[in-house]
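What follows is a single structure, written as structure tokens, with notes after it.
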Amino acid sequence: MPTALVTGSSSGFGRLTALALARAGHRVFASMRDPGGRNASVAAELRAIGVAEGLALEAIELDVTDEASIAAAVQDIEARAGGIDVVVNNAGLAAAGLLETFTADDAHRLFDVNVMGPLRVNRAVLPSMRARGAGLLVYLSSTDGREMMPFLALYCSSKFALEALAEGLAYEVGPLGIDSVIVQPGTFPTTSILKNLVAASAPERAAGYGAVAEMPGQVFAGLGELVSSGNAPDPILVANAIVDAVAMPPRTRPLRVVVDASGFDGTAQLNDAARIVQRALLAKFGLSSLGAPWLA
Ligand SMILES: NC(=O)c1ccc[n+]([C@@H]2O[C@H](COP(=O)([O-])OP(=O)(O)OC[C@H]3O[C@@H](n4cnc5c(N)ncnc54)[C@H](OP(=O)(O)O)[C@@H]3O)[C@@H](O)[C@H]2O)c1
């Protein structure tokens with residue numbers, strides 16, 4: 001039975017992905033912060049579903065900003081399951097508003113989860129994946145990891161950084177048998193958009209922006225209406241896309257999977273253009289084999 005580790009499983013895509021992977025026959029470690037305290041009810045709920053449905057599903061502690069927490073979780077899973085086949089780097093925070101209203105400390109907090117988190121988790125699992133010559137690294141990026149949505153500069157920059165980190169690592173570990181899949185959801189009604197936001201510590205800086213200062217509120221009111229309306233897309237689409245990618249044979253998986261019900265295909269267009277450029281760049285340096293199979 002393949003083993004999967006999902007980060008940020010206390011809500012949203014992480015919770016749904018942990019459940020969907022377990023239902024697809026994986027042994028799943030649904031990791032989260034504080035499963036014995038703040039997140040005790042969701043940890044208990046996941047365990048209860050696991051028991052009721054006969055799933056191999058466990059809730060464990062893992063904070064992606066804490067090296068010791070990551071090391072303890074990975075060592076525990078490797079000792080009990082013999083290795084980790086799939087890591088879903090899902091944990092993430094959002095931030096919305098004028099960039100100048102965020103301090104460097106605010107930005108650090110966001111990047112610590114969205115960018116340094118996957119970097120830390122990958123570094124913990126890669127030694128055993130390399131030793132076995134197999135593994136799959138999945139990342140929850142976003143269409144905001146490709147498109148530059150105004151007033152989401154901080155969030156977009158963290159997802160742009162995640163995209164570069166994930167693709168760069170894919171060139172290095174792909175030849176060792178380790179696949180990478182970057183999932184790029186559009187807007188879905190999960191908690192992050194509604195409440196899991198890094199707040200701007202310097203909102204007074206908006207005062208000098210005149211009419212531009214009003215725009216973020218207008219944009220995000222519209223977004224809030226969309227996600228709280230009955231017309232919002234079902235987040236299970238993202239979990240199902242991850243299950244589908246995991247089910248594909250190694251070395252046949254796409255590097256990027258867009259999951260967006262909005263009808264705007266900007267991210268797919270940018271992915272296609274980037275694939276052409278990357279294929280040419282790698283060929284120029286005699287490195288084409290590193291991009292197989294997704295650039296082929
Ligand atoms: N919803 C969307 O429209 C959308 C679109 C594109 C991409 N995404 C991405 O999808 C991912 C999941 O977000 P979501 O939409 O499902 O939102 P969510 O429900 O707010 O889930 C985010 C999860 O990250 C966890 N988390 C935060 N900091 C953590 C840390 N230091 N260590 C471990 N876990 C931590 C949160 O857990 P706590 O309970 O501990 O706070 C929460 O379970 C994120 O990377 C997000 O950027 C979302």
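Simple scheme: letters A, B, ... for chains in structure tokens order, numbers from 1 for residues in each chain, numbers from 1 for ligands in the order shown.
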Env. residues ligand 1 / 6 Å / only C-alpha atoms and all ligand atoms / as a PyMOL selection string: chain A and resi 7-14+32-33+62-65+90-93+113+140-142+185-193+196
Strand (DSSP E) positions in region 90-160 of chain A, given as a list in words: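 The strand (DSSP E) residues within region 90-160 of chain A come out as Gly135, Leu136, Leu137, Val138, Tyr139 and Leu140 of chain A.
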Distance of CA of Gln184 (chain A) from CA of Asp265 (chain A), expressed in Å to one decimal place: 11.5 Å
Two-atom distance - CA of Arg130 (chain A), CA of Val86 (chain A) (Å):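 That distance, rounded to one decimal, is 12.9 Å.
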Rows by chain and residue number, region 166-194 of chain A within 9 Å of region 245-254 of chain A, shortest pair, only C-alpha atoms, as a tab-separated table:
```
residue	atom	partner	partner_atom	distance
A:Gly174	CA	A:Arg251	CA	7.9
A:Gly177	CA	A:Arg251	CA	7.4
A:Ile178	CA	A:Pro250	CA	8.0
A:Asp179	CA	A:Arg251	CA	6.4
A:Ser180	CA	A:Arg253	CA	7.9
A:Val181	CA	A:Pro254	CA	6.5
A:Ile182	CA	A:Pro254	CA	8.5
```
Write to file, as an mmCIF file, in the first residue's frame, the residues of the selection just made, with C-alpha atoms.
```cif
data_model
loop_
_atom_site.group_PDB
_atom_site.id
_atom_site.type_symbol
_atom_site.label_atom_id
_atom_site.label_comp_id
_atom_site.auth_asym_id
_atom_site.auth_seq_id
_atom_site.Cartn_x
_atom_site.Cartn_y
_atom_site.Cartn_z
ATOM 1 C CA GLY A 174 13.457 13.591 -11.939
ATOM 2 C CA GLY A 177 13.163 8.560 -10.312
ATOM 3 C CA ILE A 178 11.342 11.202 -8.256
ATOM 4 C CA ASP A 179 8.372 12.867 -9.982
ATOM 5 C CA SER A 180 6.948 16.331 -9.304
ATOM 6 C CA VAL A 181 3.437 17.647 -9.929
ATOM 7 C CA ILE A 182 2.512 21.303 -9.426
#
```
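What separates CA of Ser69 (chain A) from CA of Arg132 (chain A) is a distance of 23.5 Å.
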Top pick for closest residue to Gly117 (chain A), considering A:Leu165, A:Ala72, A:Ala200, A:Met129 and counting only C-alpha atoms: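 Distance minimum relative to Gly117 (chain A) lands on A:Leu165.
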Nearby residues (only C-alpha atoms) at most 9 Å from Gly266 (chain A), same-chain spacing under 2 positions excluded, as a ChimeraX atom specification: /A:143,146-147,264,268-271
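Among the candidates A:Met148, A:Val198, A:Ala81, A:Leu169, the one nearest to Asp112 (chain A) when counting only C-alpha atoms is A:Val198.
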Selection: 9 Å around region 153-158 of chain A, only C-alpha atoms, excl. self and same-chain fewer than 2 positions, as a PyMOL selection string: chain A and resi 93-99+102+107+110-111+114-115+142-151+160-163
Shell around Leu290 (chain A) at 12 Å using only C-alpha atoms, local window under 2 positions removed, as number ranges by chain: A: 167-179, 251, 278-279, 281-283, 285-288, 292-296
Export, as a PDB file, in the first residue's frame, the selected residues with C-alpha atoms.
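Contents of result-v2.pdb, as written:
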```pdb
ATOM      1  CA  GLU A 167      10.319  23.093 -11.236  1.00  0.00           C
ATOM      2  CA  GLY A 168      13.985  23.601 -10.402  1.00  0.00           C
ATOM      3  CA  LEU A 169      13.961  20.625  -8.047  1.00  0.00           C
ATOM      4  CA  ALA A 170      12.051  18.554 -10.615  1.00  0.00           C
ATOM      5  CA  TYR A 171      14.980  18.885 -13.062  1.00  0.00           C
ATOM      6  CA  GLU A 172      17.362  17.671 -10.357  1.00  0.00           C
ATOM      7  CA  VAL A 173      15.423  14.740  -8.885  1.00  0.00           C
ATOM      8  CA  GLY A 174      13.457  13.591 -11.939  1.00  0.00           C
ATOM      9  CA  PRO A 175      16.466  11.686 -13.329  1.00  0.00           C
ATOM     10  CA  LEU A 176      16.716   9.921  -9.942  1.00  0.00           C
ATOM     11  CA  GLY A 177      13.163   8.560 -10.312  1.00  0.00           C
ATOM     12  CA  ILE A 178      11.342  11.202  -8.256  1.00  0.00           C
ATOM     13  CA  ASP A 179       8.372  12.867  -9.982  1.00  0.00           C
ATOM     14  CA  ARG A 251       7.711   9.359 -15.318  1.00  0.00           C
ATOM     15  CA  GLN A 278      12.125  25.650 -21.205  1.00  0.00           C
ATOM     16  CA  ARG A 279      12.422  22.980 -23.903  1.00  0.00           C
ATOM     17  CA  LEU A 281      16.634  26.457 -22.958  1.00  0.00           C
ATOM     18  CA  LEU A 282      17.431  22.905 -21.893  1.00  0.00           C
ATOM     19  CA  ALA A 283      18.281  21.913 -25.481  1.00  0.00           C
ATOM     20  CA  PHE A 285      22.619  23.626 -22.754  1.00  0.00           C
ATOM     21  CA  GLY A 286      22.455  19.940 -23.732  1.00  0.00           C
ATOM     22  CA  LEU A 287      20.170  19.237 -20.761  1.00  0.00           C
ATOM     23  CA  SER A 288      17.032  18.022 -22.566  1.00  0.00           C
ATOM     24  CA  ALA A 292      11.604  14.328 -19.669  1.00  0.00           C
ATOM     25  CA  PRO A 293       8.751  13.573 -19.843  1.00  0.00           C
ATOM     26  CA  TRP A 294       6.840  16.809 -19.364  1.00  0.00           C
ATOM     27  CA  LEU A 295       8.851  18.844 -21.880  1.00  0.00           C
ATOM     28  CA  ALA A 296       8.968  16.082 -24.495  1.00  0.00           C
TER      29      ALA A 296
END
```
Shell around Phe29 (chain A) at 8 Å using only C-alpha atoms, local window under 5 positions removed, as a PyMOL selection string: chain A and resi 3-6+18+57-60+77
Restricting it to N, CA and C atoms, dump the selection as a PDB file, in the first residue's frame.
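Generated file (again02.pdb):
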```
ATOM      1  N   THR A   3       2.342   4.944   0.577  1.00  0.00           N
ATOM      2  CA  THR A   3       2.195   5.830   1.735  1.00  0.00           C
ATOM      3  C   THR A   3       2.256   7.288   1.295  1.00  0.00           C
ATOM      4  N   ALA A   4       1.327   8.087   1.803  1.00  0.00           N
ATOM      5  CA  ALA A   4       1.286   9.515   1.455  1.00  0.00           C
ATOM      6  C   ALA A   4       1.299  10.371   2.709  1.00  0.00           C
ATOM      7  N   LEU A   5       2.033  11.468   2.634  1.00  0.00           N
ATOM      8  CA  LEU A   5       2.052  12.485   3.684  1.00  0.00           C
ATOM      9  C   LEU A   5       1.437  13.759   3.105  1.00  0.00           C
ATOM     10  N   VAL A   6       0.416  14.280   3.763  1.00  0.00           N
ATOM     11  CA  VAL A   6      -0.232  15.515   3.318  1.00  0.00           C
ATOM     12  C   VAL A   6      -0.015  16.567   4.400  1.00  0.00           C
ATOM     13  N   ALA A  18      -6.323  14.287   1.801  1.00  0.00           N
ATOM     14  CA  ALA A  18      -5.987  13.165   2.689  1.00  0.00           C
ATOM     15  C   ALA A  18      -7.078  12.091   2.613  1.00  0.00           C
ATOM     16  N   LEU A  57      -5.816   5.723   7.564  1.00  0.00           N
ATOM     17  CA  LEU A  57      -5.764   7.187   7.657  1.00  0.00           C
ATOM     18  C   LEU A  57      -5.460   7.599   9.088  1.00  0.00           C
ATOM     19  N   GLU A  58      -4.357   8.322   9.257  1.00  0.00           N
ATOM     20  CA  GLU A  58      -3.968   8.770  10.600  1.00  0.00           C
ATOM     21  C   GLU A  58      -3.729  10.271  10.590  1.00  0.00           C
ATOM     22  N   ALA A  59      -4.076  10.924  11.674  1.00  0.00           N
ATOM     23  CA  ALA A  59      -3.774  12.346  11.826  1.00  0.00           C
ATOM     24  C   ALA A  59      -2.526  12.490  12.691  1.00  0.00           C
ATOM     25  N   ILE A  60      -1.542  13.232  12.195  1.00  0.00           N
ATOM     26  CA  ILE A  60      -0.291  13.411  12.948  1.00  0.00           C
ATOM     27  C   ILE A  60       0.090  14.887  13.003  1.00  0.00           C
ATOM     28  N   ILE A  77       6.905   8.267  10.329  1.00  0.00           N
ATOM     29  CA  ILE A  77       6.242   7.609   9.183  1.00  0.00           C
ATOM     30  C   ILE A  77       7.178   6.586   8.555  1.00  0.00           C
TER      31      ILE A  77
END
```
Exercise: Val183 (chain A) partners within 9 Å, only C-alpha atoms, chain neighbours under 5 positions left out, as a list in words: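 With the cut-off at 9 Å, the set is Val138, Tyr139, Leu140, Ser141, Ser142, Thr143, Val238, Ala241, Ile242, Leu255, Arg256, Val257, Val258 and Val259 of chain A.
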All alpha helix (DSSP H) positions in region 210-279 of chain A, as a PyMOL selection string: chain A and resi 215-228+236-247+266-279
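Distance annotation: of A:Met215, A:Met1, A:Leu136, A:Ile49, the residue with the minimal separation from Asn89 (chain A) is A:Leu136; atom set is only C-alpha atoms.
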A:Asp234, A:Glu61, A:Asp105, A:Glu53 ranked by distance to Asn39 (chain A), top pick (using only C-alpha atoms): A:Glu61
Among listed residues A:Ala221, A:Leu19, A:Ala40, A:Val125, nearest Asp76 (chain A) (using only C-alpha atoms):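 Smallest distance to Asp76 (chain A) is found for A:Val125.
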